[in-house]
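This report refers to the structure that appears directly beneath it.
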Amino acid sequence: MSNYTQYGKNVIFCAPAQMLDQPLRKESPVAAETLPGTVVHLDANGKFAAGPGNVSYVLDRDHLGQAPVDVAYTADDLATAFYCGPGLILNVLADGSQDIVEDAPLFATSGGTLTATDPEDGSTSIGNAAETITTGTSSELVAVKFI
């Protein structure tokens with residue numbers, strides 16, 4: 001697993017800094033083992049499941065348990081996730097071995113990670129890269145601007 005903190009990324013919510021209130025969150029159990037920073041949706045059982053949905057969220061880290069961003073939730077753990085609202089910048093897991101350029105569109109995969117490659121299935125991007133980065137061999141947190 002990547003050491004996310006080597007890049008100074010130890011949180012999911014990272015901007016805008018001037019917000020007085022935290023962005024909208026939803027609380028629900030997770031359907032399966034899932035890392036913070038994963039794009040999730042609510043499944044038919046009301047649990048967070050990896051991948052985009054009609055409404056997509058980004059799974060937050062376990063603040064109360066003080067778990068870091070590289071510790072996964074296990075199935076049925078209660079988790080919080082941020083609604084991907086416009087104007088937010090969140091650190092989101094992106095696939096490994098990618099060259100991501102700032103302002104490039106990013107697309108959510110069925111596994112809940114992001115890719116810079118347009119899936120050509122008519123999917124719209126979930127947001128735009130907020131940084132230029134080359135990801136390592138495994139998934140890594142990348143700053144994403146939601147529009």
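Chain lettering (A, B, ...) mirrors the order of the structure tokens, residue numbering begins at 1 for each chain separately, and ligand numbering begins at 1 in order of display.
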**OP:** For A:Pro68, work out the shell of residues within 9 Å, counting only C-alpha atoms and skipping chain neighbours fewer than 5 positions away, then give it as a list in words.
**Re:** Asn10, Val11, Pro36, Arg61, Asp62 and His63 of chain A
**OP:** Would you kindly return, as a list in words, each protein, DNA or RNA residue with an atom no farther than 8 Å from any atom of A:Pro105, considering only C-alpha atoms and excluding same-chain residues fewer than 5 positions away?
**Re:**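 So the residues in contact are Ala116, Ser125, Ile126, Gly127, Asn128 and Ala129 of chain A.
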Go ahead and write the residues just picked, C-alpha atoms, as a PDB file, in the first residue's frame.
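Listing of again-v8.pdb after writing:
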ATOM      1  CA  ALA A 116      -7.633  10.081 -16.086  1.00  0.00           C
ATOM      2  CA  SER A 125     -16.191  13.202 -15.137  1.00  0.00           C
ATOM      3  CA  ILE A 126     -16.656  13.340 -11.383  1.00  0.00           C
ATOM      4  CA  GLY A 127     -14.330  16.333 -11.086  1.00  0.00           C
ATOM      5  CA  ASN A 128     -11.039  17.823 -12.240  1.00  0.00           C
ATOM      6  CA  ALA A 129      -7.545  17.282 -10.905  1.00  0.00           C
TER       7      ALA A 129
END
**OP:** Skip stretch 97-101 of chain A itself and residues of its chain fewer than 2 positions away, then list as a PyMOL selection string all residues within 7 Å of it, counting only C-alpha atoms.
**Re:** chain A and resi 95+103-104+116+129+131-137
**OP:** Would you list the contacts of A:Asn91 as a PyMOL selection string, taking every protein, DNA or RNA residue within 6 Å and counting only C-alpha atoms, but skipping same-chain residues closer than 5 positions in sequence?
**Re:** chain A and resi 12+141-143
Original post:
Which one is closest to A:Gly96: A:Glu140, A:Asp77, A:Glu33, A:Asp70? Count only C-alpha atoms.
Top reply: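 Nearest to A:Gly96: A:Glu140.
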Subject >> Nearest-residue call for A:Leu88, choices A:Asp76, A:Ala130, A:Ala67, A:Ala31, using only C-alpha atoms >> reply: A:Ala130
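Here atom CA of A:Asp118 is placed at a distance of 22.8 Å from atom CA of A:Leu59.
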**OP:** Using atom CA of A:Val92 and atom CA of A:Ala44 as the two end points, give the distance in Å to one decimal.
**Re:** 23.7 Å
**OP:** Please provide as a PyMOL selection string all residues within 8 Å of A:Leu24, with the sequence filter that same-chain residues fewer than 4 positions apart are discarded (counting only C-alpha atoms).
**Re:** chain A and resi 82-83+85
For N, CA and C atoms, I'd like the residues from the last selection saved as an mmCIF file, in the first residue's frame.
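What landed in again_5.cif:
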data_model
loop_
_atom_site.group_PDB
_atom_site.id
_atom_site.type_symbol
_atom_site.label_atom_id
_atom_site.label_comp_id
_atom_site.auth_asym_id
_atom_site.auth_seq_id
_atom_site.Cartn_x
_atom_site.Cartn_y
_atom_site.Cartn_z
ATOM 1 N N PHE A 82 -18.255 12.299 2.388
ATOM 2 C CA PHE A 82 -18.580 13.639 1.926
ATOM 3 C C PHE A 82 -19.392 13.561 0.643
ATOM 4 N N TYR A 83 -20.440 14.383 0.559
ATOM 5 C CA TYR A 83 -21.154 14.568 -0.682
ATOM 6 C C TYR A 83 -20.237 15.339 -1.623
ATOM 7 N N GLY A 85 -19.926 17.859 -3.508
ATOM 8 C CA GLY A 85 -20.555 19.117 -3.887
ATOM 9 C C GLY A 85 -19.633 20.059 -4.627
#
**OP:** Using only C-alpha atoms, pick whichever of A:Ser138, A:Val144, A:Ala49, A:Asn54 has the shortest atom-to-atom distance to A:Ala81.
**Re:**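 With only C-alpha atoms as the atom set, the closest residue is A:Ala49.
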Subject >> Between atom CA of A:Thr74 and atom CA of A:Lys47 - distance in Å to one decimal >> reply: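 Atom-to-atom, atom CA of A:Lys47 to atom CA of A:Thr74, that is 12.2 Å.
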Please provide the set of residues having any atom within 7 Å of A:Gly87, restricted to only C-alpha atoms, with same-chain residues fewer than 5 positions apart removed, written as a CSV table (one decimal) with C-alpha atoms, in the first residue's frame.
chain,number,residue,atom,x,y,z
A,145,LYS,CA,-12.0,19.8,-7.6
A,146,PHE,CA,-15.7,19.1,-7.7
A,147,ILE,CA,-17.7,21.1,-10.2
**OP:** Name the residues of chain A that come out as strand (DSSP E or B) in a backbone DSSP run; write them as a ChimeraX atom specification.
**Re:** /A:13-15,25-30,34,39-42,48-50,57-59,73,78-83,89-94,99-100,105-108,114-115,127-129,133-134,140-145
Would you output that residue set with C-alpha atoms, as a PDB file, in the first residue's frame?
ATOM      1  CA  PHE A  13     -11.359  17.159   2.995  1.00  0.00           C
ATOM      2  CA  CYS A  14      -8.737  19.724   2.044  1.00  0.00           C
ATOM      3  CA  ALA A  15     -10.441  22.869   0.707  1.00  0.00           C
ATOM      4  CA  ARG A  25     -21.693  14.360   5.059  1.00  0.00           C
ATOM      5  CA  LYS A  26     -23.673  11.166   5.189  1.00  0.00           C
ATOM      6  CA  GLU A  27     -23.230   8.378   7.726  1.00  0.00           C
ATOM      7  CA  SER A  28     -23.804   4.725   6.859  1.00  0.00           C
ATOM      8  CA  PRO A  29     -22.171   1.297   7.254  1.00  0.00           C
ATOM      9  CA  VAL A  30     -19.827   0.141   4.489  1.00  0.00           C
ATOM     10  CA  THR A  34     -13.111   0.071   1.737  1.00  0.00           C
ATOM     11  CA  VAL A  39     -15.858   7.078  -4.392  1.00  0.00           C
ATOM     12  CA  VAL A  40     -18.958   5.361  -2.998  1.00  0.00           C
ATOM     13  CA  HIS A  41     -22.726   5.304  -3.399  1.00  0.00           C
ATOM     14  CA  LEU A  42     -25.564   3.919  -1.293  1.00  0.00           C
ATOM     15  CA  PHE A  48     -21.749   2.579   1.173  1.00  0.00           C
ATOM     16  CA  ALA A  49     -20.550   0.504  -1.782  1.00  0.00           C
ATOM     17  CA  ALA A  50     -17.533   1.301  -3.962  1.00  0.00           C
ATOM     18  CA  TYR A  57     -19.794  10.415  -2.057  1.00  0.00           C
ATOM     19  CA  VAL A  58     -16.124  10.237  -1.055  1.00  0.00           C
ATOM     20  CA  LEU A  59     -15.503   8.055   1.988  1.00  0.00           C
ATOM     21  CA  TYR A  73     -13.051   0.262   7.011  1.00  0.00           C
ATOM     22  CA  LEU A  78     -20.077   2.782  10.427  1.00  0.00           C
ATOM     23  CA  ALA A  79     -18.462   5.409   8.201  1.00  0.00           C
ATOM     24  CA  THR A  80     -18.982   8.972   7.059  1.00  0.00           C
ATOM     25  CA  ALA A  81     -18.613  10.208   3.515  1.00  0.00           C
ATOM     26  CA  PHE A  82     -18.580  13.639   1.926  1.00  0.00           C
ATOM     27  CA  TYR A  83     -21.154  14.568  -0.682  1.00  0.00           C
ATOM     28  CA  ILE A  89     -11.556  19.887  -3.067  1.00  0.00           C
ATOM     29  CA  LEU A  90     -11.223  16.369  -1.677  1.00  0.00           C
ATOM     30  CA  ASN A  91      -8.347  13.906  -1.735  1.00  0.00           C
ATOM     31  CA  VAL A  92      -9.670  10.910  -3.662  1.00  0.00           C
ATOM     32  CA  LEU A  93      -8.034   7.572  -4.471  1.00  0.00           C
ATOM     33  CA  ALA A  94      -6.752   7.411  -8.044  1.00  0.00           C
ATOM     34  CA  ASP A  99       0.188  10.911 -15.161  1.00  0.00           C
ATOM     35  CA  ILE A 100      -2.472  13.328 -13.958  1.00  0.00           C
ATOM     36  CA  PRO A 105     -11.121  15.553 -15.983  1.00  0.00           C
ATOM     37  CA  LEU A 106     -11.130  12.479 -13.728  1.00  0.00           C
ATOM     38  CA  PHE A 107     -13.566   9.586 -14.033  1.00  0.00           C
ATOM     39  CA  ALA A 108     -14.777   7.217 -11.305  1.00  0.00           C
ATOM     40  CA  LEU A 114     -10.361   7.588 -10.274  1.00  0.00           C
ATOM     41  CA  THR A 115      -8.762   7.384 -13.671  1.00  0.00           C
ATOM     42  CA  GLY A 127     -14.330  16.333 -11.086  1.00  0.00           C
ATOM     43  CA  ASN A 128     -11.039  17.823 -12.240  1.00  0.00           C
ATOM     44  CA  ALA A 129      -7.545  17.282 -10.905  1.00  0.00           C
ATOM     45  CA  ILE A 133       0.937  14.283 -10.058  1.00  0.00           C
ATOM     46  CA  THR A 134       2.268  10.935 -11.232  1.00  0.00           C
ATOM     47  CA  GLU A 140      -2.900   7.038  -4.302  1.00  0.00           C
ATOM     48  CA  LEU A 141      -4.751  10.106  -3.010  1.00  0.00           C
ATOM     49  CA  VAL A 142      -5.083  12.901  -5.542  1.00  0.00           C
ATOM     50  CA  ALA A 143      -6.655  16.322  -4.929  1.00  0.00           C
ATOM     51  CA  VAL A 144      -9.889  16.682  -6.931  1.00  0.00           C
ATOM     52  CA  LYS A 145     -11.975  19.812  -7.573  1.00  0.00           C
TER      53      LYS A 145
END
**OP:** Determine which residues of chain A DSSP labels as helix (DSSP H, G or I) from the backbone of this structure, then write them out as a VMD selection string.
**Re:** chain A and resid 4 to 7
